[in-house]
$ cat final_3.cif   # mmCIF, C-alpha atoms and all ligand atoms
data_start
#
loop_
_atom_site.label_atom_id
_atom_site.label_comp_id
_atom_site.auth_asym_id
_atom_site.auth_seq_id
_atom_site.Cartn_x
_atom_site.Cartn_y
_atom_site.Cartn_z
CA MET A 11 13.19 39.86 2.71
CA GLN A 12 14.67 36.68 1.30
CA SER A 13 12.23 33.92 0.45
CA PRO A 14 12.78 30.74 2.47
CA GLU A 15 14.87 27.95 0.95
CA PRO A 16 12.70 25.28 -0.66
CA PRO A 17 12.89 21.97 1.22
CA PRO A 18 15.48 19.58 -0.26
CA LEU A 19 14.05 16.95 -2.59
CA GLN A 20 13.74 13.72 -0.65
CA THR A 21 15.10 10.52 -2.16
CA PRO A 22 12.34 7.93 -2.18
CA LEU A 23 12.77 5.10 0.31
CA LEU A 24 11.21 2.69 -2.18
CA GLU A 25 11.65 2.91 -5.93
CA THR A 26 10.76 0.93 -8.98
CA ARG A 27 12.91 1.58 -12.04
CA GLY A 28 11.66 0.47 -15.42
CA VAL A 29 9.66 -2.44 -14.03
CA THR A 30 7.94 -4.58 -16.66
CA VAL A 31 5.79 -7.65 -15.96
CA ARG A 32 4.32 -9.87 -18.66
CA PHE A 33 1.75 -12.64 -18.45
CA GLY A 34 2.11 -14.45 -21.77
CA GLY A 35 1.44 -11.82 -24.40
CA ASN A 36 -0.13 -9.38 -21.93
CA THR A 37 2.16 -6.66 -20.58
CA ALA A 38 0.53 -6.01 -17.20
CA VAL A 39 3.19 -3.52 -16.03
CA ASN A 40 5.11 -1.62 -18.66
CA ASP A 41 8.38 0.17 -17.82
CA VAL A 42 7.11 1.63 -14.54
CA SER A 43 9.29 3.94 -12.47
CA ILE A 44 7.75 5.32 -9.30
CA GLY A 45 8.98 6.46 -5.90
CA VAL A 46 7.49 6.17 -2.41
CA THR A 47 8.87 8.60 0.15
CA GLU A 48 9.30 8.34 3.92
CA GLY A 49 6.74 10.26 5.94
CA ARG A 50 4.39 10.66 2.97
CA ILE A 51 1.40 8.91 1.49
CA THR A 52 1.92 8.19 -2.20
CA GLY A 53 -1.10 7.23 -4.29
CA LEU A 54 -1.19 4.64 -7.03
CA ILE A 55 -4.41 4.77 -8.99
CA GLY A 56 -5.77 3.59 -12.31
CA PRO A 57 -8.76 1.83 -13.84
CA ASN A 58 -9.42 -1.88 -13.25
CA GLY A 59 -6.69 -4.07 -14.69
CA ALA A 60 -4.21 -1.18 -14.95
CA GLY A 61 -1.49 -3.20 -13.18
CA LYS A 62 -1.56 -1.82 -9.64
CA THR A 63 -1.72 -5.14 -7.78
CA THR A 64 0.84 -6.68 -10.13
CA LEU A 65 3.19 -3.80 -9.34
CA PHE A 66 2.64 -4.37 -5.59
CA ASN A 67 3.35 -8.07 -6.10
CA THR A 68 6.59 -7.20 -7.85
CA ILE A 69 7.61 -4.76 -5.13
CA THR A 70 6.96 -7.34 -2.40
CA GLY A 71 8.63 -10.21 -4.27
CA LEU A 72 5.58 -12.31 -5.15
CA GLN A 73 6.03 -11.57 -8.84
CA ARG A 74 9.31 -11.59 -10.75
CA PRO A 75 9.63 -8.75 -13.29
CA ALA A 76 10.68 -9.41 -16.89
CA ALA A 77 12.73 -6.22 -16.67
CA GLY A 78 13.52 -3.43 -14.26
CA ARG A 79 14.57 -3.12 -10.63
CA VAL A 80 13.10 -2.54 -7.20
CA LEU A 81 15.20 -0.50 -4.77
CA LEU A 82 14.77 -0.08 -1.04
CA ASP A 83 16.87 2.64 0.51
CA GLY A 84 18.99 2.65 -2.64
CA GLU A 85 19.72 -1.10 -2.45
CA ASP A 86 18.64 -3.38 -5.29
CA ILE A 87 16.22 -5.90 -3.76
CA THR A 88 14.80 -7.24 -7.05
CA GLY A 89 16.10 -10.76 -6.44
CA LEU A 90 15.13 -11.06 -2.76
CA PRO A 91 12.31 -13.37 -1.62
CA PRO A 92 9.26 -11.81 0.11
CA ALA A 93 10.35 -12.79 3.63
CA ARG A 94 13.70 -11.01 3.24
CA ARG A 95 11.91 -7.90 2.03
CA ALA A 96 9.60 -8.09 5.03
CA ARG A 97 12.63 -8.23 7.31
CA LEU A 98 13.99 -5.13 5.59
CA GLY A 99 10.84 -3.27 6.60
CA MET A 100 8.26 -3.90 3.89
CA ALA A 101 4.67 -4.75 4.81
CA ARG A 102 1.47 -4.92 2.79
CA THR A 103 -2.23 -5.57 2.88
CA PHE A 104 -4.21 -7.48 0.28
CA GLN A 105 -7.14 -6.44 -1.88
CA ARG A 106 -8.82 -9.75 -1.11
CA LEU A 107 -8.64 -9.85 2.65
CA GLU A 108 -6.09 -12.41 3.79
CA LEU A 109 -7.08 -12.79 7.44
CA PHE A 110 -7.71 -15.85 9.60
CA LEU A 111 -11.51 -15.71 9.81
CA SER A 112 -11.87 -18.08 12.76
CA LEU A 113 -9.30 -16.23 14.86
CA SER A 114 -10.03 -13.16 16.93
CA VAL A 115 -8.89 -9.71 15.85
CA ARG A 116 -6.26 -9.83 18.59
CA ASP A 117 -4.93 -13.20 17.48
CA ASN A 118 -4.76 -12.12 13.83
CA ILE A 119 -2.44 -9.32 14.92
CA ARG A 120 -0.49 -11.51 17.37
CA VAL A 121 0.19 -14.18 14.82
CA ALA A 122 2.13 -11.73 12.64
CA GLY A 123 4.49 -11.18 15.59
CA ASP A 124 4.81 -14.90 16.22
CA ILE A 125 5.61 -15.55 12.56
CA ALA A 126 8.14 -12.71 12.44
CA ARG A 127 9.83 -14.10 15.56
CA ALA A 128 9.87 -17.64 14.20
CA ALA A 129 11.44 -16.32 10.98
CA GLY A 130 14.13 -14.59 13.02
CA GLY A 131 12.99 -11.09 12.05
CA GLY A 132 11.09 -10.11 15.15
CA ARG A 133 13.62 -10.87 17.87
CA GLY A 134 13.05 -8.67 20.83
CA ILE A 135 9.38 -8.00 20.05
CA ASP A 136 7.18 -8.40 23.09
CA VAL A 137 4.26 -9.70 21.01
CA ASP A 138 1.58 -9.27 23.69
CA ARG A 139 2.59 -5.72 24.49
CA ARG A 140 2.95 -4.75 20.87
CA THR A 141 -0.47 -6.26 20.07
CA ASP A 142 -2.05 -4.12 22.77
CA GLU A 143 -0.31 -1.01 21.49
CA ILE A 144 -1.48 -1.70 17.95
CA LEU A 145 -5.07 -2.41 19.04
CA ASP A 146 -5.13 1.02 20.67
CA ARG A 147 -3.33 2.75 17.81
CA THR A 148 -5.74 1.41 15.20
CA GLY A 149 -8.93 1.82 17.23
CA LEU A 150 -9.68 -1.91 17.29
CA ARG A 151 -9.73 -2.41 21.06
CA ASP A 152 -13.55 -2.65 21.22
CA ILE A 153 -13.60 -5.66 18.88
CA ALA A 154 -10.31 -7.26 19.91
CA ASP A 155 -11.92 -10.47 21.13
CA LEU A 156 -14.38 -10.97 18.28
CA ASP A 157 -13.63 -13.44 15.51
CA VAL A 158 -12.82 -11.73 12.25
CA SER A 159 -15.74 -13.58 10.62
CA ASP A 160 -18.06 -11.61 12.92
CA ILE A 161 -16.83 -8.10 12.17
CA PRO A 162 -17.79 -5.85 9.22
CA THR A 163 -15.51 -5.80 6.15
CA GLY A 164 -14.60 -2.17 6.74
CA ARG A 165 -13.08 -2.96 10.10
CA ALA A 166 -11.45 -6.14 8.83
CA ARG A 167 -9.52 -3.85 6.47
CA VAL A 168 -8.15 -2.06 9.51
CA VAL A 169 -7.19 -5.43 11.04
CA GLU A 170 -5.04 -6.06 7.96
CA VAL A 171 -3.26 -2.76 8.50
CA ALA A 172 -2.90 -3.53 12.21
CA ARG A 173 -1.32 -6.87 11.40
CA ALA A 174 1.07 -5.18 8.98
CA LEU A 175 2.17 -2.84 11.77
CA MET A 176 3.39 -5.70 13.97
CA THR A 177 6.78 -5.74 12.24
CA SER A 178 7.17 -1.94 12.54
CA PRO A 179 7.45 -1.46 8.78
CA ARG A 180 9.29 1.37 7.07
CA VAL A 181 7.20 0.91 3.93
CA LEU A 182 3.51 0.09 4.02
CA LEU A 183 1.76 -0.95 0.81
CA LEU A 184 -2.03 -0.83 1.01
CA ASP A 185 -4.16 -2.49 -1.67
CA GLU A 186 -7.67 -0.98 -1.64
CA PRO A 187 -7.78 -0.65 2.15
CA ALA A 188 -10.92 1.51 2.23
CA SER A 189 -13.04 -0.79 0.11
CA GLY A 190 -16.13 -1.87 2.06
CA GLN A 191 -15.73 0.88 4.66
CA THR A 192 -18.55 3.16 5.71
CA GLU A 193 -18.04 6.91 5.42
CA ARG A 194 -17.30 7.14 9.12
CA GLU A 195 -14.86 4.23 8.99
CA THR A 196 -13.05 5.88 6.09
CA GLU A 197 -12.75 9.11 8.05
CA ALA A 198 -11.12 7.31 10.97
CA PHE A 199 -8.97 5.36 8.55
CA ALA A 200 -7.74 8.55 6.86
CA GLU A 201 -6.66 9.84 10.25
CA LEU A 202 -4.83 6.60 11.00
CA LEU A 203 -2.92 6.72 7.71
CA THR A 204 -1.99 10.37 8.18
CA GLY A 205 -0.68 9.50 11.64
CA LEU A 206 1.37 6.56 10.36
CA ALA A 207 2.96 8.72 7.68
CA ALA A 208 3.68 11.40 10.28
CA GLU A 209 5.61 8.76 12.23
CA GLY A 210 7.87 8.39 9.20
CA ILE A 211 6.40 5.40 7.40
CA ALA A 212 6.47 5.50 3.59
CA VAL A 213 2.87 4.66 2.71
CA CYS A 214 1.80 3.60 -0.80
CA LEU A 215 -1.95 3.62 -1.29
CA VAL A 216 -3.77 1.77 -4.06
CA GLU A 217 -7.37 2.87 -3.79
CA HIS A 218 -10.47 3.35 -5.93
CA ASP A 219 -11.90 5.90 -3.47
CA LEU A 220 -10.48 8.85 -5.39
CA PRO A 221 -11.62 11.60 -2.99
CA LEU A 222 -9.70 9.76 -0.26
CA VAL A 223 -6.59 9.51 -2.44
CA MET A 224 -6.82 13.19 -3.36
CA LYS A 225 -7.19 14.14 0.30
CA LEU A 226 -4.31 12.04 1.65
CA CYS A 227 -1.63 11.85 -1.00
CA GLY A 228 1.11 14.36 -1.70
CA THR A 229 2.05 12.59 -4.91
CA ILE A 230 -0.08 10.34 -7.08
CA HIS A 231 1.04 8.00 -9.87
CA VAL A 232 -1.59 6.97 -12.41
CA LEU A 233 -1.35 3.67 -14.26
CA ASP A 234 -3.32 2.79 -17.36
CA TYR A 235 -2.77 -0.41 -19.34
CA GLY A 236 0.40 -0.99 -17.30
CA LYS A 237 2.00 2.37 -18.05
CA VAL A 238 2.43 5.45 -15.87
CA ILE A 239 0.36 8.07 -17.68
CA ALA A 240 0.76 10.80 -15.06
CA SER A 241 2.58 11.54 -11.79
CA GLY A 242 2.02 14.64 -9.71
CA THR A 243 0.07 16.43 -7.02
CA PRO A 244 -3.68 15.78 -6.66
CA LYS A 245 -4.37 19.03 -8.52
CA GLU A 246 -2.05 18.12 -11.39
CA ILE A 247 -3.64 14.67 -11.63
CA GLN A 248 -7.17 16.04 -11.66
CA GLU A 249 -6.25 18.43 -14.47
CA SER A 250 -4.31 15.91 -16.57
CA PRO A 251 -6.04 15.29 -19.93
CA GLU A 252 -4.48 11.78 -20.07
CA VAL A 253 -5.94 10.90 -16.68
CA ILE A 254 -9.37 12.31 -17.50
CA ALA A 255 -9.38 10.33 -20.76
CA ALA A 256 -8.35 7.12 -18.96
CA TYR A 257 -11.15 7.50 -16.44
CA ILE A 258 -13.93 8.45 -18.86
CA GLY A 259 -16.68 5.91 -18.63
CA THR A 260 -15.25 4.35 -15.49
CA GLU A 261 -15.00 6.63 -12.48
CA GLU A 262 -14.94 10.31 -11.64
CA VAL A 263 -11.45 11.65 -11.17
CA THR A 264 -12.73 14.88 -9.65
CA PRO A 265 -13.85 14.48 -6.05
N1 LIG B 1 -1.52 -14.09 -12.43
C1 LIG B 1 -1.92 -13.53 -13.58
N2 LIG B 1 -1.91 -14.21 -14.73
C2 LIG B 1 -2.30 -13.64 -15.89
N3 LIG B 1 -2.70 -12.36 -16.00
C3 LIG B 1 -2.73 -11.63 -14.88
C4 LIG B 1 -2.34 -12.17 -13.61
N4 LIG B 1 -2.47 -11.18 -12.68
C5 LIG B 1 -2.91 -10.10 -13.32
N5 LIG B 1 -3.07 -10.36 -14.64
C6 LIG B 1 -3.49 -9.39 -15.67
O1 LIG B 1 -2.62 -8.28 -15.55
C7 LIG B 1 -3.32 -7.06 -15.75
C8 LIG B 1 -3.16 -6.18 -14.54
O2 LIG B 1 -3.90 -6.74 -13.45
P1 LIG B 1 -3.84 -6.14 -11.97
O3 LIG B 1 -4.65 -7.05 -11.11
O4 LIG B 1 -2.44 -5.89 -11.59
O5 LIG B 1 -4.60 -4.75 -12.18
P2 LIG B 1 -5.16 -3.75 -11.06
O6 LIG B 1 -4.81 -2.38 -11.51
O7 LIG B 1 -4.68 -4.17 -9.71
O8 LIG B 1 -6.72 -3.98 -11.21
P3 LIG B 1 -7.92 -3.81 -10.12
O9 LIG B 1 -8.09 -2.34 -9.88
O10 LIG B 1 -9.11 -4.38 -10.84
O11 LIG B 1 -7.53 -4.58 -8.91
C9 LIG B 1 -4.76 -7.45 -16.07
O12 LIG B 1 -4.89 -7.51 -17.47
C10 LIG B 1 -4.89 -8.83 -15.45
O13 LIG B 1 -5.86 -9.59 -16.13
#

$ encode --input "final_3.cif" --output "C-alpha cells"
Amino acid sequence: MQSPEPPPLQTPLLETRGVTVRFGGNTAVNDVSIGVTEGRITGLIGPNGAGKTTLFNTITGLQRPAAGRVLLDGEDITGLPPARRARLGMARTFQRLELFLSLSVRDNIRVAGDIARAAGGGRGIDVDRRTDEILDRTGLRDIADLDVSDIPTGRARVVEVARALMTSPRVLLLDEPASGQTERETEAFAELLTGLAAEGIAVCLVEHDLPLVMKLCGTIHVLDYGKVIASGTPKEIQESPEVIAAYIGTEEVTP
C-alpha cells in the first residue's frame, strides 16, 4: 500500500526576514527570520531580555527595524504604521496589561470595535452583537459588567485577547498571556487558543509558561540575545543543546 502524501508545506501568513533592531549599541533583535502560519500556534520563547517583545513591536509597527522586512501574506508591510497593519488583520496583546481599568469588561471589548469603526476599519461591525459573541466565546460572560480593576489578573489577560478579537484578526500576537493565571485559568485559556487556531487564526505566543508552549505549539522559535538559536517542534526544542544551555540557570525547558 502506498504511504499517504505528506501535507504540502504551508507558506506562513506572517514572516520576518532578517529583522534587526538596535537600541544604541545594544542589538536587541539580530537578523531574525521566523514564520507564523494560519491555523497554527507558533511559539516564541527565550530568556528575559532575549528580544521577544521588541520583535512583536517590530511586527506590529511600534518599532522600526534597522534592517530586515516584515511580510503579511507575502506583502512587505515593513513601512506601514500600526493602524494600517491592524486593518490588514493584525492584533496583539501586551505583556503589561493595557486595559481601561475603570471600564467594565464589556466596555473594554466594545471600545475596540468603536475605535476600529472610527478608524474606518470596522465598517459593518455590529459592535454590540460582536461584543456579546466574544464574551461567550472567551468565557467572560459572568464578569462582563465588572470593572477590570475588580477582576483577577488572570482573567484580565483573557479580556485583552477578547478585545483583540473584536477586529476579527488573521494574526494574533500574544505577549505572555498566561502570566498571572491560575492553573485552571490556564487550562481554559489553552482551550480558547486551540479553538482560535482551529478557526484559522495564525497565533504567535510569547510565553514563559514553557509546559503551556510545549503543549500548544506546533513550531517554536527560540531567541537568545536577539538571535534565533533554534526553531522546531517541541521535542526538537527540548532536545536542543543550544536551548538547554540558554536556559540553564533561568528556567526549566523540560515540562
Ligand atoms: N525601548 C528600549 N530602549 C532601549 N533598550 C531596550 C528598549 N526595549 C528593549 N530594550 C532592550 O532590548 C533587549 C530586548 O528586550 P525585550 O523586552 O524585547 O526582551 P524580551 O525577550 O521581551 O524580555 P522579557 O521576557 O523579559 O519580556 C533588552 O536588552 C532590553 O533591555

$ residues_around --input "final_3.cif" --residues "segment 101-105 of chain A" --least-positions-apart "6" --cutoff "7 Å" --atoms "all atoms listed in the file" --output "VMD selection string"
chain A and resid 170 to 171 174 179 181 to 186

$ residues_near_point --input "final_3.cif" --point "(-8.9, 4.0, -16.1)" --cutoff "7 Å" --atoms "only C-alpha atoms" --output "list in words"
Gly56, Pro57, Asn58, Asp234, Ala256, Tyr257 and Thr260 of chain A

$ residues_around --input "final_3.cif" --residues "segment 203-216 of chain A" --least-positions-apart "2" --cutoff "10 Å" --atoms "only C-alpha atoms" --output "MDAnalysis selection string"
chainID A and resid 22:24 45:56 62:63 66 99:102 105 147:148 171 175 178:188 198:201 218:220 222:223 226:227 229:231

$ closest_residue --input "final_3.cif" --among "A:Pro75, A:Gly149, A:Gly228, A:Gly236" --to "ligand LIG 1 (chain B)" --atoms "all atoms listed in the file"
A:Gly236

$ residues_near_point --input "final_3.cif" --point "(5.4, -4.2, -10.4)" --cutoff "10 Å" --atoms "all atoms listed in the file" --output "number ranges by chain"
A: 26-31, 38-44, 61-80, 236

$ axis_aligned_box --input "final_3.cif" --around "ligand LIG 1 (chain B)" --padding-each-side "3 Å" --output "JSON"
{"center_x": -5.3, "center_y": -8.3, "center_z": -13.2, "size_x": 13.6, "size_y": 17.9, "size_z": 14.6}

$ atom_distance --input "final_3.cif" --atom1 "atom CA of Gly35 of chain A" --atom2 "atom CA of Gly89 of chain A"
23.2 Å

$ atom_distance --input "final_3.cif" --atom1 "atom CA of Glu217 of chain A" --atom2 "atom CA of Gly164 of chain A"
13.7 Å

$ closest_residue --input "final_3.cif" --among "A:Leu233, A:Ile125, A:Ile247, A:Val253" --to "ligand LIG 1 (chain B)" --atoms "all atoms listed in the file"
A:Leu233

$ closest_residue --input "final_3.cif" --among "A:Arg120, A:Ser189, A:Gly242, A:Asp86" --to "Leu98 of chain A" --atoms "all atoms listed in the file"
A:Asp86

$ closest_residue --input "final_3.cif" --among "A:Lys245, A:Arg97, A:Arg165, A:Arg139" --to "Arg194 of chain A" --atoms "only C-alpha atoms"
A:Arg165

$ closest_residue --input "final_3.cif" --among "A:Asn36, A:Ser250, A:Ser112, A:Thr163" --to "ligand LIG 1 (chain B)" --atoms "only C-alpha atoms and all ligand atoms"
A:Asn36

$ closest_residue --input "final_3.cif" --among "A:Arg32, A:Pro221, A:Ala154, A:Thr243" --to "Leu113 of chain A" --atoms "only C-alpha atoms"
A:Ala154

$ atom_distance --input "final_3.cif" --atom1 "atom CA of Ala126 of chain A" --atom2 "atom CA of Pro91 of chain A"
14.7 Å

$ build_atoms --input "final_3.cif" --residues "segment 108-124 of chain A" --atoms "N, CA and C atoms" --output "JSON list (two decimals), keeping the file's coordinate frame"
[["chain", "number", "residue", "atom", "x", "y", "z"],
["A", 108, "GLU", "N", -6.82, -11.17, 3.53],
["A", 108, "GLU", "CA", -6.09, -12.41, 3.79],
["A", 108, "GLU", "C", -5.95, -12.58, 5.31],
["A", 109, "LEU", "N", -7.11, -12.64, 5.98],
["A", 109, "LEU", "CA", -7.08, -12.79, 7.44],
["A", 109, "LEU", "C", -7.52, -14.19, 7.83],
["A", 110, "PHE", "N", -7.22, -14.57, 9.07],
["A", 110, "PHE", "CA", -7.71, -15.85, 9.60],
["A", 110, "PHE", "C", -9.11, -15.60, 10.17],
["A", 111, "LEU", "N", -10.14, -16.07, 9.44],
["A", 111, "LEU", "CA", -11.51, -15.71, 9.81],
["A", 111, "LEU", "C", -11.94, -16.27, 11.15],
["A", 112, "SER", "N", -11.42, -17.46, 11.51],
["A", 112, "SER", "CA", -11.87, -18.08, 12.76],
["A", 112, "SER", "C", -11.00, -17.68, 13.95],
["A", 113, "LEU", "N", -10.08, -16.75, 13.73],
["A", 113, "LEU", "CA", -9.30, -16.23, 14.86],
["A", 113, "LEU", "C", -9.83, -14.85, 15.24],
["A", 114, "SER", "N", -9.59, -14.48, 16.49],
["A", 114, "SER", "CA", -10.03, -13.16, 16.93],
["A", 114, "SER", "C", -9.16, -12.08, 16.26],
["A", 115, "VAL", "N", -9.65, -10.86, 16.36],
["A", 115, "VAL", "CA", -8.89, -9.71, 15.85],
["A", 115, "VAL", "C", -7.52, -9.68, 16.52],
["A", 116, "ARG", "N", -7.51, -9.86, 17.84],
["A", 116, "ARG", "CA", -6.26, -9.83, 18.59],
["A", 116, "ARG", "C", -5.29, -10.90, 18.08],
["A", 117, "ASP", "N", -5.81, -12.11, 17.89],
["A", 117, "ASP", "CA", -4.93, -13.20, 17.48],
["A", 117, "ASP", "C", -4.42, -13.04, 16.05],
["A", 118, "ASN", "N", -5.24, -12.40, 15.19],
["A", 118, "ASN", "CA", -4.76, -12.12, 13.83],
["A", 118, "ASN", "C", -3.55, -11.19, 13.87],
["A", 119, "ILE", "N", -3.56, -10.25, 14.80],
["A", 119, "ILE", "CA", -2.44, -9.32, 14.92],
["A", 119, "ILE", "C", -1.24, -10.02, 15.57],
["A", 120, "ARG", "N", -1.53, -10.76, 16.65],
["A", 120, "ARG", "CA", -0.49, -11.51, 17.37],
["A", 120, "ARG", "C", 0.31, -12.42, 16.47],
["A", 121, "VAL", "N", -0.44, -13.13, 15.61],
["A", 121, "VAL", "CA", 0.19, -14.18, 14.82],
["A", 121, "VAL", "C", 1.28, -13.60, 13.90],
["A", 122, "ALA", "N", 1.10, -12.36, 13.48],
["A", 122, "ALA", "CA", 2.13, -11.73, 12.64],
["A", 122, "ALA", "C", 3.43, -11.58, 13.44],
["A", 123, "GLY", "N", 3.30, -11.29, 14.73],
["A", 123, "GLY", "CA", 4.49, -11.18, 15.59],
["A", 123, "GLY", "C", 5.13, -12.53, 15.80],
["A", 124, "ASP", "N", 4.28, -13.55, 16.00],
["A", 124, "ASP", "CA", 4.81, -14.90, 16.22],
["A", 124, "ASP", "C", 5.57, -15.39, 14.98]]
